[in-house]
Amino acid sequence: MRAFIFPGQGSQAVGMGKALSDASAAAREVFQEVDDALGQHLFRLMTEGPEDQLTLTENAQPAIMANALAVLRVLEREGGIRLADKADFVAGHSLGEYSALCAAGAFDLPTTARLLKKRGEAMQAAVPVGEGAMAVLLGADLAKARAIAEAAAEGQVCSVANDNDPGQVVISGHREAVERAVPLAKEMGAKRAMLLAVSAPFHCPLMQPAANAMATALADVTIQPPLVPVYANVTAGPTAAPNEIRRLLVEQITGMVRWRESVTAMWDAGVTDFVELGGKVVAGMVKRTAPDATTTSVVTMADIEALAAGL
């Protein structure tokens with residue numbers, strides 16, 4: 001069995017999508033559709049920068065999605081591969097869940113772009129710049145990370161945001177609490193802990209205003225049943241019911257990204273082949289969680305051609 005998986009924030013880089021756009025009209029169509037939906041020159045920002053503007057959450061989120069969906073469009077249009085024929089499940093890391101839903105036909109591309117733009121704006125606005133932070137804990141499992149976060153909180157918010165793989169967990173919350181957690185983590189047995197260069201404390205209770213904004217945004221959106229089930233971040237289980245998808249996307253804003261558990265659940269369900277579209281990050285997390293799985297990262301035209309030949 002096979003799952004198509006999609007990267008989250010942090011996968012953006014100036015120049016993304018340019019080579020694929022130069023090589024394929026199908027990719028250019030995707031980037032133009034996203035630009036039109038947003039009323040901005042996002043693709044120019046993706047290819048030319050400046051980097052600080054691309055890194056802004058409201059730009060990075062739709063950019064990462066557009067890049068992943070361009071890879072899929074080229075695979076389908078020029079490789080003759082239909083996702084529904086070749087994938088048993090889809091999943092995405094944080095914003096990548098929107099990419100996965102779009103890939104599976106639950107959202108159309110313009111709707112996905114607008115939702116991610118709104119999501120990025122709402123997450124950035126939820127907490128004033130400088131008041132929140134995130135840190136990655138390496139060599140710490142979920143239980144240890146929770147203990148570190150609890151010890152560092154001291155009445156503030158400090159909680160697990162991303163359970164990425166057996167040795168990488170991200171915490172999020174008030175800046176002072178997260179900063180306390182960094183030295184505490186090493187004392188409590190983590191190999192390494194470091195603050196992340198992010199503009200807001202994602203996936204923690206401080207994001208509740210963003211969750212409220214997304215509940216409003218999603219209320220008026222038509223969600224089609226996906227062509228294949230989507231593994232949701234907050235449940236680490238498959239769903240195909242539109243109203244459940246809507247609810248889980250709202251919960252995802254403040255909830256923990258249960259990526260390690262999602263990968264384990266897909267492996268237990270029989271998935272042995274994981275294909276990451278548009279990035280090279282989540283495939284590595286998969287490999288560290290399910291070492292016997294086959295993982296493929298598909299970014300370039302050569303990657304697409306190789307995948308199409310092998311499917």
# chains A, B, ... in the order shown; residues from 1 in each chain; ligands from 1
$ closest_atom_pairs --of "segment 157-257 of chain A" --to "segment 70-93 of chain A" --cutoff "10 Å" --atoms "only C-alpha atoms" --output "Markdown table"
| residue | atom | partner | partner_atom | distance |
| --- | --- | --- | --- | --- |
| A:Asn162 | CA | A:His93 | CA | 9.1 |
| A:Asn164 | CA | A:His93 | CA | 8.9 |
| A:Pro226 | CA | A:Ala84 | CA | 9.4 |
| A:Leu227 | CA | A:Ala84 | CA | 5.9 |
| A:Val228 | CA | A:Phe89 | CA | 5.5 |
| A:Pro229 | CA | A:Phe89 | CA | 5.2 |
| A:Val230 | CA | A:Val90 | CA | 5.0 |
| A:Tyr231 | CA | A:Ala91 | CA | 5.1 |
| A:Ala232 | CA | A:Ala91 | CA | 6.9 |
| A:Asn233 | CA | A:His93 | CA | 7.1 |
| A:Ala236 | CA | A:Ala91 | CA | 9.5 |
| A:Gly237 | CA | A:Ala91 | CA | 9.8 |
| A:Pro238 | CA | A:Phe89 | CA | 8.0 |
| A:Thr239 | CA | A:Phe89 | CA | 9.8 |
| A:Val257 | CA | A:His93 | CA | 7.2 |
$ select_by_dssp --residues "segment 69-307 of chain A" --states "strand (DSSP E)" --output "ChimeraX atom specification"
/A:89-92,132-138,158-165,168-174,192-195,230-231,238-239,273-277,294-298
$ write_last_selection --atoms "N, CA and C atoms" --output "short mmCIF file (atom, residue, chain, number, x, y, z; two decimals), in the first residue's frame"
data_model
loop_
_atom_site.label_atom_id
_atom_site.label_comp_id
_atom_site.auth_asym_id
_atom_site.auth_seq_id
_atom_site.Cartn_x
_atom_site.Cartn_y
_atom_site.Cartn_z
N PHE A 89 -3.82 6.26 0.76
CA PHE A 89 -4.07 7.31 1.74
C PHE A 89 -3.25 8.54 1.35
N VAL A 90 -3.64 9.68 1.90
CA VAL A 90 -2.80 10.88 1.85
C VAL A 90 -2.69 11.43 3.26
N ALA A 91 -1.63 12.20 3.50
CA ALA A 91 -1.43 12.86 4.79
C ALA A 91 -0.48 14.01 4.57
N GLY A 92 -0.57 15.01 5.44
CA GLY A 92 0.35 16.14 5.35
C GLY A 92 0.67 16.67 6.73
N GLY A 132 5.66 34.76 21.71
CA GLY A 132 5.63 33.30 21.62
C GLY A 132 6.91 32.77 21.03
N ALA A 133 7.12 31.47 21.18
CA ALA A 133 8.32 30.84 20.63
C ALA A 133 8.07 29.34 20.48
N MET A 134 8.96 28.70 19.73
CA MET A 134 8.95 27.25 19.60
C MET A 134 10.38 26.75 19.71
N ALA A 135 10.54 25.52 20.15
CA ALA A 135 11.87 24.92 20.25
C ALA A 135 11.77 23.45 19.86
N VAL A 136 12.83 22.96 19.24
CA VAL A 136 12.89 21.55 18.89
C VAL A 136 13.73 20.82 19.92
N LEU A 137 13.24 19.68 20.36
CA LEU A 137 13.95 18.83 21.30
C LEU A 137 14.40 17.58 20.54
N LEU A 138 15.70 17.36 20.48
CA LEU A 138 16.25 16.20 19.79
C LEU A 138 16.67 15.16 20.82
N CYS A 158 3.20 26.13 27.73
CA CYS A 158 4.34 25.44 27.13
C CYS A 158 3.89 24.01 26.91
N SER A 159 3.70 23.63 25.66
CA SER A 159 3.14 22.31 25.37
C SER A 159 3.75 21.74 24.11
N VAL A 160 3.52 20.45 23.90
CA VAL A 160 4.05 19.79 22.70
C VAL A 160 3.22 20.21 21.49
N ALA A 161 3.92 20.68 20.46
CA ALA A 161 3.27 21.13 19.23
C ALA A 161 3.32 20.06 18.14
N ASN A 162 4.50 19.45 17.96
CA ASN A 162 4.71 18.46 16.90
C ASN A 162 5.43 17.25 17.47
N ASP A 163 4.81 16.10 17.36
CA ASP A 163 5.49 14.83 17.66
C ASP A 163 5.91 14.27 16.31
N ASN A 164 7.13 14.62 15.89
CA ASN A 164 7.54 14.36 14.51
C ASN A 164 8.02 12.95 14.26
N ASP A 165 8.88 12.44 15.14
CA ASP A 165 9.41 11.08 15.02
C ASP A 165 9.93 10.67 16.39
N GLN A 168 12.44 13.38 17.75
CA GLN A 168 12.29 14.81 17.46
C GLN A 168 10.89 15.28 17.82
N VAL A 169 10.83 16.14 18.83
CA VAL A 169 9.56 16.70 19.28
C VAL A 169 9.72 18.21 19.38
N VAL A 170 8.69 18.96 18.98
CA VAL A 170 8.72 20.42 19.03
C VAL A 170 7.75 20.90 20.09
N ILE A 171 8.20 21.87 20.90
CA ILE A 171 7.33 22.47 21.91
C ILE A 171 7.02 23.91 21.52
N SER A 172 5.94 24.46 22.09
CA SER A 172 5.44 25.77 21.68
C SER A 172 4.76 26.44 22.86
N GLY A 173 4.81 27.77 22.88
CA GLY A 173 4.11 28.49 23.94
C GLY A 173 4.66 29.88 24.15
N HIS A 174 4.47 30.40 25.39
CA HIS A 174 5.01 31.71 25.73
C HIS A 174 6.54 31.68 25.61
N ARG A 192 19.68 17.45 22.66
CA ARG A 192 19.87 18.82 22.22
C ARG A 192 18.53 19.54 22.19
N ALA A 193 18.54 20.83 22.45
CA ALA A 193 17.33 21.64 22.36
C ALA A 193 17.70 23.00 21.82
N MET A 194 16.90 23.51 20.91
CA MET A 194 17.21 24.83 20.35
C MET A 194 15.94 25.53 19.90
N LEU A 195 15.94 26.85 20.05
CA LEU A 195 14.82 27.66 19.60
C LEU A 195 14.73 27.60 18.08
N VAL A 230 -7.85 10.62 4.28
CA VAL A 230 -6.79 11.50 4.73
C VAL A 230 -6.50 11.23 6.20
N TYR A 231 -5.24 10.99 6.52
CA TYR A 231 -4.87 10.84 7.93
C TYR A 231 -4.76 12.22 8.55
N PRO A 238 -7.54 7.92 9.87
CA PRO A 238 -8.08 8.31 8.57
C PRO A 238 -9.48 8.88 8.68
N THR A 239 -9.78 9.83 7.81
CA THR A 239 -11.14 10.37 7.73
C THR A 239 -11.47 10.67 6.27
N ASP A 273 4.96 2.10 1.40
CA ASP A 273 5.58 3.02 0.43
C ASP A 273 5.05 4.43 0.68
N PHE A 274 5.95 5.34 1.05
CA PHE A 274 5.57 6.73 1.33
C PHE A 274 6.23 7.64 0.30
N VAL A 275 5.43 8.45 -0.40
CA VAL A 275 5.93 9.34 -1.44
C VAL A 275 5.67 10.78 -1.02
N GLU A 276 6.74 11.54 -0.76
CA GLU A 276 6.60 12.95 -0.39
C GLU A 276 6.64 13.81 -1.65
N LEU A 277 5.62 14.62 -1.84
CA LEU A 277 5.55 15.50 -3.00
C LEU A 277 5.89 16.93 -2.59
N THR A 294 9.60 2.19 2.57
CA THR A 294 10.25 2.78 1.41
C THR A 294 9.80 4.23 1.30
N THR A 295 10.75 5.16 1.21
CA THR A 295 10.39 6.58 1.11
C THR A 295 11.00 7.17 -0.16
N THR A 296 10.23 8.06 -0.79
CA THR A 296 10.69 8.74 -2.00
C THR A 296 10.31 10.21 -1.88
N SER A 297 11.27 11.10 -2.15
CA SER A 297 10.99 12.54 -2.18
C SER A 297 10.98 13.00 -3.64
N VAL A 298 9.89 13.68 -4.01
CA VAL A 298 9.69 14.06 -5.41
C VAL A 298 9.60 15.59 -5.49
#
$ atom_distance --atom1 "atom CA of Pro225 of chain A" --atom2 "atom CA of Leu249 of chain A"
14.6 Å
$ select_by_dssp --residues "segment 114-288 of chain A" --states "helix (DSSP H, G or I)" --output "MDAnalysis selection string"
chainID A and resid 114:126 142:153 175:187 205:219 242:254 259:268 282:288
$ write_last_selection --atoms "C-alpha atoms" --output "CSV table (one decimal), in the first residue's frame"
chain,number,residue,atom,x,y,z
A,114,ARG,CA,-7.2,31.2,0.0
A,115,LEU,CA,-7.6,29.1,3.1
A,116,LEU,CA,-3.9,28.8,3.7
A,117,LYS,CA,-3.4,32.5,3.2
A,118,LYS,CA,-6.1,33.1,5.8
A,119,ARG,CA,-4.6,30.5,8.1
A,120,GLY,CA,-1.2,32.1,7.9
A,121,GLU,CA,-2.6,35.6,8.6
A,122,ALA,CA,-4.7,34.3,11.5
A,123,MET,CA,-1.8,32.3,13.1
A,124,GLN,CA,0.5,35.3,12.8
A,125,ALA,CA,-2.1,37.7,14.3
A,126,ALA,CA,-3.0,35.4,17.2
A,142,LEU,CA,6.8,12.4,23.5
A,143,ALA,CA,6.7,11.5,27.2
A,144,LYS,CA,10.0,13.2,27.9
A,145,ALA,CA,9.0,16.3,25.9
A,146,ARG,CA,5.8,16.6,27.8
A,147,ALA,CA,7.6,16.4,31.1
A,148,ILE,CA,10.1,19.1,30.0
A,149,ALA,CA,7.3,21.4,28.8
A,150,GLU,CA,5.3,20.9,32.0
A,151,ALA,CA,8.4,21.7,34.1
A,152,ALA,CA,9.2,24.8,32.1
A,153,ALA,CA,5.6,26.2,32.0
A,175,ARG,CA,8.6,32.8,24.9
A,176,GLU,CA,9.8,32.9,28.5
A,177,ALA,CA,8.5,29.3,29.1
A,178,VAL,CA,10.0,27.9,25.9
A,179,GLU,CA,13.3,29.7,26.7
A,180,ARG,CA,13.3,28.0,30.1
A,181,ALA,CA,12.7,24.7,28.5
A,182,VAL,CA,15.9,24.8,26.3
A,183,PRO,CA,18.4,24.4,29.2
A,184,LEU,CA,16.0,22.3,31.2
A,185,ALA,CA,15.7,19.8,28.3
A,186,LYS,CA,19.4,18.9,28.5
A,187,GLU,CA,19.2,18.5,32.2
A,205,PRO,CA,-3.5,27.0,23.1
A,206,LEU,CA,-2.2,30.5,22.3
A,207,MET,CA,-3.4,29.9,18.8
A,208,GLN,CA,-7.1,29.9,19.8
A,209,PRO,CA,-7.9,33.2,18.1
A,210,ALA,CA,-6.6,31.6,14.8
A,211,ALA,CA,-8.7,28.5,15.4
A,212,ASN,CA,-11.8,30.8,15.7
A,213,ALA,CA,-10.9,32.6,12.5
A,214,MET,CA,-10.5,29.3,10.6
A,215,ALA,CA,-13.8,28.0,12.0
A,216,THR,CA,-15.4,31.0,10.4
A,217,ALA,CA,-13.4,30.6,7.1
A,218,LEU,CA,-14.1,26.9,6.8
A,219,ALA,CA,-17.8,27.3,7.6
A,242,PRO,CA,-16.4,16.4,5.0
A,243,ASN,CA,-17.9,17.7,8.3
A,244,GLU,CA,-15.3,15.8,10.3
A,245,ILE,CA,-12.5,17.2,8.0
A,246,ARG,CA,-13.8,20.7,8.7
A,247,ARG,CA,-13.9,20.1,12.5
A,248,LEU,CA,-10.4,18.5,12.6
A,249,LEU,CA,-8.8,21.4,10.6
A,250,VAL,CA,-10.1,23.8,13.2
A,251,GLU,CA,-8.8,21.6,16.1
A,252,GLN,CA,-5.4,21.3,14.3
A,253,ILE,CA,-4.6,25.0,14.8
A,254,THR,CA,-4.3,24.5,18.6
A,259,TRP,CA,2.9,12.8,12.8
A,260,ARG,CA,4.8,10.0,14.4
A,261,GLU,CA,1.6,8.3,15.4
A,262,SER,CA,0.1,8.9,11.9
A,263,VAL,CA,3.1,7.2,10.2
A,264,THR,CA,2.8,4.3,12.7
A,265,ALA,CA,-0.9,4.0,12.0
A,266,MET,CA,-0.4,4.0,8.3
A,267,TRP,CA,2.3,1.4,8.6
A,268,ASP,CA,0.1,-0.7,10.7
A,282,VAL,CA,8.6,14.5,6.1
A,283,ALA,CA,10.0,11.5,4.3
A,284,GLY,CA,13.0,11.6,6.7
A,285,MET,CA,10.6,11.6,9.6
A,286,VAL,CA,8.8,8.6,8.1
A,287,LYS,CA,12.1,6.7,7.8
A,288,ARG,CA,13.0,7.4,11.4
$ closest_residue --among "A:Gly167, A:Ser11, A:Phe202, A:Gly96" --to "Thr55 of chain A" --atoms "only C-alpha atoms"
A:Ser11
$ atom_distance --atom1 "atom CA of Gly255 of chain A" --atom2 "atom CA of Pro201 of chain A"
11.8 Å
$ closest_residue --among "A:Glu58, A:Asp141, A:Asp220, A:Glu305" --to "Leu42 of chain A" --atoms "only C-alpha atoms"
A:Glu58
$ residues_around --residues "Met1 of chain A" --least-positions-apart "4" --cutoff "6 Å" --atoms "only C-alpha atoms" --output "ChimeraX atom specification"
/A:270-272
$ residues_around --residues "Met16 of chain A" --least-positions-apart "2" --cutoff "7 Å" --atoms "only C-alpha atoms" --output "mmCIF file with C-alpha atoms, in the first residue's frame"
data_model
loop_
_atom_site.group_PDB
_atom_site.id
_atom_site.type_symbol
_atom_site.label_atom_id
_atom_site.label_comp_id
_atom_site.auth_asym_id
_atom_site.auth_seq_id
_atom_site.Cartn_x
_atom_site.Cartn_y
_atom_site.Cartn_z
ATOM 1 C CA GLN A 12 10.118 27.019 1.664
ATOM 2 C CA ALA A 13 13.209 28.393 -0.069
ATOM 3 C CA VAL A 14 13.790 31.165 -2.600
ATOM 4 C CA LYS A 18 11.266 27.689 -10.796
ATOM 5 C CA MET A 46 8.802 32.065 -4.457
ATOM 6 C CA THR A 47 11.340 32.317 -7.257
#
